[in-house]
Structure formats: C-alpha cells, structure tokens
$ cat work-v5.cif   # mmCIF, C-alpha atoms
data_upload
#
loop_
_atom_site.label_atom_id
_atom_site.label_comp_id
_atom_site.auth_asym_id
_atom_site.auth_seq_id
_atom_site.Cartn_x
_atom_site.Cartn_y
_atom_site.Cartn_z
CA MET A 26 0.00 0.00 0.00
CA VAL A 27 1.47 3.37 -1.04
CA ARG A 28 -0.21 6.13 0.94
CA HIS A 29 1.11 9.50 2.07
CA ALA A 30 4.23 9.08 -0.05
CA ARG A 31 6.05 10.85 -2.84
CA ALA A 32 6.04 9.17 -6.23
CA ALA A 33 9.74 9.96 -6.68
CA GLU A 34 10.50 7.50 -3.88
CA HIS A 35 9.10 4.70 -6.05
CA GLU A 36 10.22 5.72 -9.55
CA ALA A 37 12.46 2.68 -9.89
CA THR A 38 9.72 0.20 -8.96
CA PRO A 39 9.65 -2.38 -11.78
CA ARG A 40 5.94 -2.03 -12.55
CA PRO A 41 4.22 -0.14 -15.40
CA LEU A 42 1.94 1.62 -12.92
CA ILE A 43 2.37 2.79 -9.34
CA ALA A 44 -0.49 4.25 -7.30
CA VAL A 45 -0.13 6.82 -4.52
CA GLY A 46 -2.78 8.28 -2.20
CA ASN A 47 -2.35 11.45 -0.16
CA ASP A 48 -4.55 13.75 1.92
CA TYR A 49 -4.01 17.52 1.94
CA PRO A 50 -5.50 20.46 3.86
CA ASP A 51 -7.29 23.38 2.24
CA GLY A 52 -4.87 25.76 0.52
CA HIS A 53 -1.96 23.30 0.31
CA LEU A 54 0.39 24.13 -2.59
CA HIS A 55 2.67 21.73 -4.42
CA PRO A 56 5.26 24.10 -5.96
CA ALA A 57 6.34 23.63 -9.56
CA HIS A 58 7.82 20.18 -10.14
CA ALA A 59 7.87 17.38 -12.71
CA HIS A 60 7.84 13.57 -12.77
CA ARG A 61 9.64 11.16 -15.06
CA ARG A 62 6.49 9.06 -15.34
CA GLY A 63 3.20 10.43 -16.61
CA GLN A 64 0.69 11.15 -13.85
CA PHE A 65 -3.09 10.86 -13.73
CA LEU A 66 -4.19 12.90 -10.73
CA HIS A 67 -7.68 12.39 -9.31
CA ALA A 68 -9.26 13.81 -6.16
CA GLU A 69 -11.55 11.40 -4.37
CA ARG A 70 -12.83 14.54 -2.63
CA GLY A 71 -12.01 18.24 -3.00
CA ILE A 72 -10.93 20.36 -5.96
CA MET A 73 -7.46 20.89 -7.43
CA MET A 74 -6.10 23.73 -9.53
CA VAL A 75 -3.20 22.65 -11.75
CA ALA A 76 -1.00 25.15 -13.59
CA THR A 77 1.75 24.82 -16.21
CA GLU A 78 3.46 27.33 -18.47
CA THR A 79 0.88 26.65 -21.18
CA GLY A 80 -2.37 26.77 -19.23
CA GLY A 81 -4.44 26.08 -16.16
CA TRP A 82 -6.91 23.37 -15.21
CA VAL A 83 -9.62 23.14 -12.55
CA VAL A 84 -10.06 19.49 -11.55
CA PRO A 85 -13.35 18.63 -9.80
CA PRO A 86 -14.05 15.31 -8.04
CA GLN A 87 -15.75 13.75 -11.08
CA ALA A 88 -12.61 14.29 -13.16
CA GLY A 89 -8.85 13.88 -13.15
CA VAL A 90 -5.97 15.54 -14.95
CA TRP A 91 -3.46 13.70 -17.12
CA ILE A 92 0.05 15.22 -16.90
CA PRO A 93 2.59 13.65 -19.30
CA GLY A 94 6.04 12.90 -17.94
CA GLY A 95 8.48 15.78 -17.79
CA ILE A 96 5.89 18.60 -17.74
CA VAL A 97 6.53 21.11 -14.94
CA HIS A 98 3.35 21.79 -12.99
CA SER A 99 2.06 23.12 -9.68
CA ILE A 100 -1.04 22.03 -7.76
CA ARG A 101 -3.17 24.03 -5.32
CA MET A 102 -5.83 22.35 -3.17
CA LEU A 103 -9.25 23.93 -2.68
CA GLY A 104 -10.85 22.43 0.40
CA ALA A 105 -9.62 19.25 2.06
CA VAL A 106 -8.39 17.05 -0.81
CA ALA A 107 -7.80 13.31 -0.96
CA THR A 108 -5.76 12.49 -4.06
CA ARG A 109 -5.54 9.11 -5.74
CA SER A 110 -2.79 9.25 -8.35
CA VAL A 111 -1.32 6.73 -10.73
CA TYR A 112 2.09 7.15 -12.38
CA LEU A 113 2.67 5.40 -15.68
CA GLU A 114 5.77 4.31 -17.52
CA PRO A 115 5.82 5.64 -21.11
CA GLU A 116 4.76 2.33 -22.65
CA ALA A 117 1.76 2.12 -20.32
CA ALA A 118 0.77 5.69 -21.25
CA ALA A 119 0.96 5.20 -25.02
CA ARG A 120 -2.81 5.56 -25.51
CA LEU A 121 -3.10 8.73 -23.42
CA PRO A 122 -2.78 12.32 -24.76
CA GLY A 123 0.61 13.90 -25.34
CA THR A 124 -0.47 17.10 -23.57
CA CYS A 125 -2.16 17.91 -20.26
CA GLN A 126 -5.85 17.13 -20.36
CA VAL A 127 -8.72 16.94 -17.87
CA LEU A 128 -10.56 13.64 -18.31
CA GLY A 129 -13.90 12.49 -16.96
CA VAL A 130 -13.77 9.82 -14.25
CA ALA A 131 -16.63 7.33 -14.55
CA PRO A 132 -17.68 5.37 -11.43
CA LEU A 133 -15.72 2.27 -12.49
CA LEU A 134 -12.51 4.24 -13.08
CA ARG A 135 -12.97 6.02 -9.74
CA GLN A 136 -13.20 2.72 -7.88
CA LEU A 137 -10.21 1.30 -9.75
CA LEU A 138 -8.10 4.33 -8.78
CA ILE A 139 -9.10 3.92 -5.13
CA ALA A 140 -8.41 0.18 -5.21
CA ALA A 141 -5.02 0.63 -6.90
CA VAL A 142 -3.72 2.64 -3.94
CA ASP A 143 -4.21 -0.44 -1.75
CA LEU A 144 -2.08 -2.67 -3.97
CA PRO A 145 1.39 -3.64 -2.76
CA LEU A 146 4.09 -1.51 -4.34
CA GLU A 147 5.47 -4.52 -6.25
CA TYR A 148 2.12 -6.15 -6.87
CA PRO A 149 2.07 -9.58 -8.56
CA SER A 150 2.41 -9.43 -12.32
CA GLU A 151 -0.34 -12.04 -12.66
CA GLY A 152 -3.72 -12.60 -11.06
CA ARG A 153 -6.15 -10.08 -9.56
CA ALA A 154 -3.67 -7.19 -9.22
CA ALA A 155 -2.54 -7.47 -12.82
CA HIS A 156 -6.15 -7.62 -14.03
CA LEU A 157 -7.03 -4.55 -11.94
CA VAL A 158 -4.12 -2.59 -13.39
CA GLY A 159 -4.95 -3.69 -16.94
CA LEU A 160 -8.58 -2.64 -16.57
CA LEU A 161 -7.54 0.67 -15.01
CA LEU A 162 -5.28 1.42 -18.00
CA ALA A 163 -8.08 0.50 -20.42
CA GLU A 164 -10.55 2.78 -18.63
CA LEU A 165 -8.03 5.65 -18.60
CA ALA A 166 -7.47 5.29 -22.34
CA GLN A 167 -11.17 5.84 -23.05
CA ALA A 168 -11.88 8.52 -20.42
CA PRO A 169 -13.65 11.46 -22.14
CA PRO A 170 -11.93 14.89 -22.31
CA LEU A 171 -13.62 17.75 -20.43
CA PRO A 172 -13.45 21.49 -21.30
CA PHE A 173 -11.68 22.52 -18.07
CA CYS A 174 -8.45 23.62 -19.74
CA LEU A 175 -7.70 27.33 -20.10
CA PRO A 176 -4.78 27.67 -22.56
CA ALA A 177 -2.33 30.49 -21.90
CA PRO A 178 -1.01 32.40 -24.93
CA ALA A 179 2.72 33.02 -25.27
CA GLU A 180 2.56 36.33 -27.20
CA PRO A 181 3.38 38.94 -24.52
CA ARG A 182 0.63 41.50 -25.15
CA LEU A 183 -2.07 38.86 -25.50
CA ALA A 184 -0.77 36.97 -22.44
CA ALA A 185 -1.00 40.15 -20.36
CA ALA A 186 -4.57 40.80 -21.56
CA CYS A 187 -5.59 37.24 -20.72
CA ARG A 188 -4.08 37.49 -17.23
CA ARG A 189 -6.01 40.72 -16.67
CA PHE A 190 -9.24 39.05 -17.77
CA CYS A 191 -8.67 36.01 -15.53
CA ALA A 192 -8.14 38.30 -12.55
CA ARG A 193 -11.62 39.77 -13.09
CA PRO A 194 -13.60 37.84 -15.72
CA ASP A 195 -16.45 39.66 -17.45
CA ILE A 196 -18.34 37.85 -20.19
CA GLY A 197 -19.62 41.23 -21.38
CA GLU A 198 -16.22 42.21 -22.83
CA GLU A 199 -16.36 42.17 -26.61
CA THR A 200 -13.78 41.36 -29.24
CA GLU A 201 -13.72 45.03 -30.22
CA ASP A 202 -12.72 45.99 -26.66
CA TRP A 203 -9.64 43.78 -26.87
CA CYS A 204 -8.81 44.88 -30.41
CA GLY A 205 -8.86 48.52 -29.33
CA ALA A 206 -6.75 47.88 -26.24
CA LEU A 207 -4.17 45.92 -28.25
CA GLY A 208 -4.23 48.18 -31.31
CA MET A 209 -5.17 45.32 -33.64
CA SER A 210 -7.72 44.77 -36.38
CA ARG A 211 -10.52 42.32 -35.64
CA ARG A 212 -9.19 39.89 -38.23
CA GLY A 213 -5.63 40.08 -36.94
CA PHE A 214 -6.78 39.63 -33.35
CA THR A 215 -9.00 36.62 -34.03
CA ARG A 216 -6.26 34.92 -36.05
CA LEU A 217 -3.65 35.53 -33.36
CA PHE A 218 -5.94 34.42 -30.56
CA ARG A 219 -6.76 31.09 -32.18
CA ALA A 220 -3.15 30.49 -33.16
CA GLU A 221 -2.00 31.12 -29.58
CA THR A 222 -4.74 29.26 -27.67
CA GLY A 223 -6.39 26.86 -30.11
CA LEU A 224 -9.75 28.42 -29.20
CA SER A 225 -11.88 31.27 -30.46
CA PHE A 226 -11.96 34.34 -28.24
CA ARG A 227 -15.54 33.60 -27.16
CA GLU A 228 -14.75 29.96 -26.36
CA TRP A 229 -11.73 31.00 -24.27
CA GLN A 230 -13.77 33.69 -22.51
CA ARG A 231 -16.45 31.18 -21.50
CA ARG A 232 -13.83 28.76 -20.16
CA ALA A 233 -12.19 31.54 -18.16
CA CYS A 234 -15.55 32.36 -16.59
CA LEU A 235 -16.15 28.67 -15.92
CA GLN A 236 -12.79 28.33 -14.16
CA ALA A 237 -13.59 31.33 -12.00
CA ALA A 238 -17.03 29.95 -11.17
CA LEU A 239 -16.18 26.34 -10.24
CA PRO A 240 -14.35 27.01 -6.93
CA ARG A 241 -16.90 29.61 -5.87
CA LEU A 242 -19.82 27.27 -6.45
CA ALA A 243 -18.04 24.47 -4.61
CA ALA A 244 -17.56 26.85 -1.67
CA GLY A 245 -21.31 27.34 -1.48
CA GLU A 246 -21.78 30.72 -3.18
CA ARG A 247 -25.16 31.30 -4.79
CA VAL A 248 -25.49 30.86 -8.54
CA THR A 249 -27.05 34.31 -8.92
CA ALA A 250 -24.14 36.07 -7.23
CA VAL A 251 -21.55 34.18 -9.30
CA ALA A 252 -23.43 34.77 -12.56
CA LEU A 253 -23.79 38.51 -12.03
CA ASP A 254 -20.18 38.92 -10.88
CA LEU A 255 -19.07 37.30 -14.14
CA GLY A 256 -21.12 39.73 -16.21
CA TYR A 257 -23.95 37.41 -17.24
CA ALA A 258 -27.28 39.17 -17.84
CA SER A 259 -29.13 36.58 -15.80
CA PRO A 260 -28.57 33.36 -13.81
CA ALA A 261 -30.36 31.52 -16.64
CA ALA A 262 -27.76 32.66 -19.20
CA PHE A 263 -24.93 31.55 -16.90
CA THR A 264 -26.65 28.22 -16.22
CA ALA A 265 -27.03 27.57 -19.96
CA MET A 266 -23.28 28.16 -20.51
CA PHE A 267 -22.33 26.04 -17.50
CA SER A 268 -24.60 23.15 -18.45
CA GLN A 269 -23.31 23.12 -22.03
CA LEU A 270 -19.66 22.94 -20.93
CA VAL A 271 -19.93 20.74 -17.85
CA GLY A 272 -22.94 18.59 -18.69
CA MET A 273 -24.88 19.44 -15.53
CA SER A 274 -26.38 22.49 -13.85
CA PRO A 275 -24.34 24.69 -11.49
CA GLN A 276 -26.49 23.52 -8.58
CA SER A 277 -25.87 19.85 -9.38
CA TRP A 278 -22.13 20.44 -9.71
CA ALA A 279 -21.99 22.33 -6.42
CA ARG A 280 -23.69 19.42 -4.63
CA LEU A 281 -21.24 16.97 -6.17
CA ALA A 282 -18.12 19.07 -5.47
CA GLY A 283 -19.10 20.38 -2.03
#
$ encode --input "work-v5.cif" --output "structure tokens"
Amino acid sequence: MVRHARAAEHEATPRPLIAVGNDYPDGHLHPAHAHRRGQFLHAERGIMMVATETGGWVVPPQAGVWIPGGIVHSIRMLGAVATRSVYLEPEAAARLPGTCQVLGVAPLLRQLLIAAVDLPLEYPSEGRAAHLVGLLLAELAQAPPLPFCLPAPAEPRLAAACRRFCARPDIGEETEDWCGALGMSRRGFTRLFRAETGLSFREWQRRACLQAALPRLAAGERVTAVALDLGYASPAAFTAMFSQLVGMSPQSWARLAG
C-alpha cells in the first residue's frame, strides 16, 4: 500500500503503474515540479487547480488531470483534498494524450483508482492485481476529455490581456474591446488568438468564466451572485453556458463538489 508518499521515492519500482494516495488540507500548494512518469491525478474529494506554463486546469471530483512525464506543474488544493494518483511508464501511457488534459472519471474508473492505492508496491504481475491494473489502464485510455483547460497564450501583449481578464472575468467584454486595447484589427486579433490558444476568443472567454465559477460554487456561493459577478445578464444565461460545458447544472455540480 502506497499512501502518504512521494512518487519519486518509487520511480524505480519495476511495474508499469504505481499508485499513490495522499490527503491535503485546504490551501496546500505543491510548488512547480515534474515527474519522469506520466501522472493521472484524481481527487476522491475536493478540488485541485493545476498550472503549467501553457495553461491552467480546474479538476473537480468527477474528473482527473493527465500530466505527461516531464511537464513542470504546480497544484493548489481547494478544500480538504484526498488524491488518488497513478504514475505510468511511457509504454503504459501510449494511448493517453501527449499534452495535459482533464478527463472524466466514470464510477468504475474512480473505484479502480481507489483500489489501486491499496495494492502492494510490487504487486504480482499475474492474477487479480494485474487484471485490476490492466482494466484501469483500459478505462483511462477511453476517459472522455472535459473542457476545463484554459490555454495560456505566449505572445506577450495577448498573455497580459488574458491574465487581466482572468483576474476579473467579465463575459460582457467584446472582441472590439480587446482589439482597441491591443491596437489590432478584428481579423488580426481573431487569427492571433486562435493560433495562440487553439480556441476562439468567445470559447476561451467562456472557459475563463467557468474556471472562475467552479471554486466559488463548490464553496457554497449562490449561482445568482456568481453569474452577475461574471457579467452574465441573468442566472439563466450563466446556467445555460455552464450546463453546455460541464454537462450538468451549477447547482448539481456544487452538490457533487461540495
């Protein structure tokens, strides 16, 4: 059983997958670091905020974040968090994305992640443990991607504008507002924004508002207050955006994450 341990202590373990479980208090910060193995990080309870040089991810309890080996990342805990992580050798991770990605965690995958933490470090390579690990890897490979990534542009002026927006998101800001502030034509701005983030400006804006909303809803804030703070004309408009991106209403998500 590998609980309350650092994965680096077990990097040399001759198994394709190692599982580690840890509990953290509210506000705990893992400073920037990287692992040789790829990591799938899931919170059995609580919310995590993961950041890299290329973007940020909010990870609710019904999801996990895949972090390929070698990517420098930091993790901040929102609320008391119980993590259940698996670390994969490159050959075991061959069917997973080559970039960071939040993936949905179905009930079966959730239980497999919890069960894996209770395996011996050098679990038998045959029998129940091997079947559990094989099924876990198969479930990970088909886990659906979720729109909880907020890509960060590298172009300095655009990066500064995006940081400003994330500090105080307002869905009412228009493309023309950003074009004027950056001294760009609409066509030049939209081309640059998609090239830098892979998203349209409106798609990125909605995700930024979603990332700002998720922790607040989990903390028990009212949907109306969150919606109006983010510049939505009504709670119904915010709820429509949230439901489209997350697949459930803000109230349902708050009950699940709280």
$ atom_distance --input "work-v5.cif" --atom1 "atom CA of Leu270 of chain A" --atom2 "atom CA of Glu228 of chain A"
10.1 Å
$ resolve_selection --input "work-v5.cif" --expression "the PyMOL selection byres ((chain A and resi 64) around 7)" --output "JSON list (two decimals) with C-alpha atoms, in the coordinates of the input"
[["chain", "number", "residue", "atom", "x", "y", "z"],
["A", 62, "ARG", "CA", 6.49, 9.06, -15.34],
["A", 63, "GLY", "CA", 3.20, 10.43, -16.61],
["A", 65, "PHE", "CA", -3.09, 10.86, -13.73],
["A", 66, "LEU", "CA", -4.19, 12.90, -10.73],
["A", 91, "TRP", "CA", -3.46, 13.70, -17.12],
["A", 92, "ILE", "CA", 0.05, 15.22, -16.90],
["A", 93, "PRO", "CA", 2.59, 13.65, -19.30],
["A", 94, "GLY", "CA", 6.04, 12.90, -17.94],
["A", 110, "SER", "CA", -2.79, 9.25, -8.35],
["A", 111, "VAL", "CA", -1.32, 6.73, -10.73],
["A", 112, "TYR", "CA", 2.09, 7.15, -12.38],
["A", 113, "LEU", "CA", 2.67, 5.40, -15.68]]
$ closest_residue --input "work-v5.cif" --among "A:Gly197, A:Pro50, A:Pro181, A:Pro176" --to "Ala258 of chain A" --atoms "all atoms listed in the file"
A:Gly197
$ closest_residue --input "work-v5.cif" --among "A:Met209, A:Glu198, A:Leu137, A:Trp203" --to "Gly256 of chain A" --atoms "only C-alpha atoms"
A:Glu198
$ atom_distance --input "work-v5.cif" --atom1 "atom CA of Arg280 of chain A" --atom2 "atom CA of Cys174 of chain A"
21.9 Å
$ decode --input "work-v5.cif" --residues "segment 201-221 of chain A" --atoms "N, CA, C and O atoms" --output "JSON list (two decimals), in the first residue's frame"
[["chain", "number", "residue", "atom", "x", "y", "z"],
["A", 201, "GLU", "N", -14.15, 43.68, -29.86],
["A", 201, "GLU", "CA", -13.72, 45.03, -30.22],
["A", 201, "GLU", "C", -12.99, 45.72, -29.06],
["A", 201, "GLU", "O", -12.08, 46.53, -29.28],
["A", 202, "ASP", "N", -13.40, 45.42, -27.82],
["A", 202, "ASP", "CA", -12.72, 45.99, -26.66],
["A", 202, "ASP", "C", -11.26, 45.57, -26.63],
["A", 202, "ASP", "O", -10.37, 46.38, -26.36],
["A", 203, "TRP", "N", -11.01, 44.29, -26.89],
["A", 203, "TRP", "CA", -9.64, 43.78, -26.87],
["A", 203, "TRP", "C", -8.85, 44.29, -28.06],
["A", 203, "TRP", "O", -7.67, 44.63, -27.92],
["A", 204, "CYS", "N", -9.50, 44.35, -29.22],
["A", 204, "CYS", "CA", -8.81, 44.88, -30.41],
["A", 204, "CYS", "C", -8.35, 46.31, -30.17],
["A", 204, "CYS", "O", -7.20, 46.67, -30.49],
["A", 205, "GLY", "N", -9.23, 47.14, -29.60],
["A", 205, "GLY", "CA", -8.86, 48.52, -29.33],
["A", 205, "GLY", "C", -7.73, 48.62, -28.33],
["A", 205, "GLY", "O", -6.79, 49.41, -28.52],
["A", 206, "ALA", "N", -7.79, 47.83, -27.26],
["A", 206, "ALA", "CA", -6.75, 47.88, -26.24],
["A", 206, "ALA", "C", -5.40, 47.42, -26.77],
["A", 206, "ALA", "O", -4.35, 47.92, -26.35],
["A", 207, "LEU", "N", -5.42, 46.47, -27.71],
["A", 207, "LEU", "CA", -4.17, 45.92, -28.25],
["A", 207, "LEU", "C", -3.75, 46.60, -29.55],
["A", 207, "LEU", "O", -2.66, 46.29, -30.07],
["A", 208, "GLY", "N", -4.57, 47.50, -30.06],
["A", 208, "GLY", "CA", -4.23, 48.18, -31.31],
["A", 208, "GLY", "C", -4.18, 47.24, -32.49],
["A", 208, "GLY", "O", -3.30, 47.36, -33.34],
["A", 209, "MET", "N", -5.16, 46.31, -32.58],
["A", 209, "MET", "CA", -5.17, 45.32, -33.64],
["A", 209, "MET", "C", -6.49, 45.38, -34.38],
["A", 209, "MET", "O", -7.52, 45.79, -33.83],
["A", 210, "SER", "N", -6.47, 44.94, -35.63],
["A", 210, "SER", "CA", -7.72, 44.77, -36.38],
["A", 210, "SER", "C", -8.45, 43.54, -35.85],
["A", 210, "SER", "O", -7.84, 42.65, -35.24],
["A", 211, "ARG", "N", -9.74, 43.49, -36.10],
["A", 211, "ARG", "CA", -10.52, 42.32, -35.64],
["A", 211, "ARG", "C", -9.98, 41.04, -36.28],
["A", 211, "ARG", "O", -9.82, 40.02, -35.59],
["A", 212, "ARG", "N", -9.68, 41.09, -37.56],
["A", 212, "ARG", "CA", -9.19, 39.89, -38.23],
["A", 212, "ARG", "C", -7.83, 39.46, -37.68],
["A", 212, "ARG", "O", -7.61, 38.28, -37.43],
["A", 213, "GLY", "N", -6.95, 40.42, -37.48],
["A", 213, "GLY", "CA", -5.63, 40.08, -36.94],
["A", 213, "GLY", "C", -5.73, 39.52, -35.52],
["A", 213, "GLY", "O", -5.02, 38.56, -35.16],
["A", 214, "PHE", "N", -6.61, 40.10, -34.73],
["A", 214, "PHE", "CA", -6.78, 39.63, -33.35],
["A", 214, "PHE", "C", -7.33, 38.21, -33.31],
["A", 214, "PHE", "O", -6.82, 37.34, -32.59],
["A", 215, "THR", "N", -8.39, 37.94, -34.08],
["A", 215, "THR", "CA", -9.00, 36.62, -34.03],
["A", 215, "THR", "C", -8.04, 35.54, -34.54],
["A", 215, "THR", "O", -8.00, 34.43, -34.00],
["A", 216, "ARG", "N", -7.26, 35.87, -35.56],
["A", 216, "ARG", "CA", -6.26, 34.92, -36.05],
["A", 216, "ARG", "C", -5.19, 34.64, -35.00],
["A", 216, "ARG", "O", -4.83, 33.48, -34.76],
["A", 217, "LEU", "N", -4.68, 35.69, -34.37],
["A", 217, "LEU", "CA", -3.65, 35.53, -33.36],
["A", 217, "LEU", "C", -4.18, 34.75, -32.16],
["A", 217, "LEU", "O", -3.50, 33.86, -31.65],
["A", 218, "PHE", "N", -5.40, 35.07, -31.75],
["A", 218, "PHE", "CA", -5.94, 34.42, -30.56],
["A", 218, "PHE", "C", -6.09, 32.92, -30.78],
["A", 218, "PHE", "O", -5.70, 32.11, -29.93],
["A", 219, "ARG", "N", -6.61, 32.53, -31.92],
["A", 219, "ARG", "CA", -6.76, 31.09, -32.18],
["A", 219, "ARG", "C", -5.41, 30.42, -32.35],
["A", 219, "ARG", "O", -5.22, 29.28, -31.89],
["A", 220, "ALA", "N", -4.48, 31.09, -32.99],
["A", 220, "ALA", "CA", -3.15, 30.49, -33.16],
["A", 220, "ALA", "C", -2.46, 30.28, -31.82],
["A", 220, "ALA", "O", -1.74, 29.30, -31.62],
["A", 221, "GLU", "N", -2.67, 31.19, -30.87],
["A", 221, "GLU", "CA", -2.00, 31.12, -29.58],
["A", 221, "GLU", "C", -2.69, 30.17, -28.60],
["A", 221, "GLU", "O", -2.03, 29.59, -27.74]]
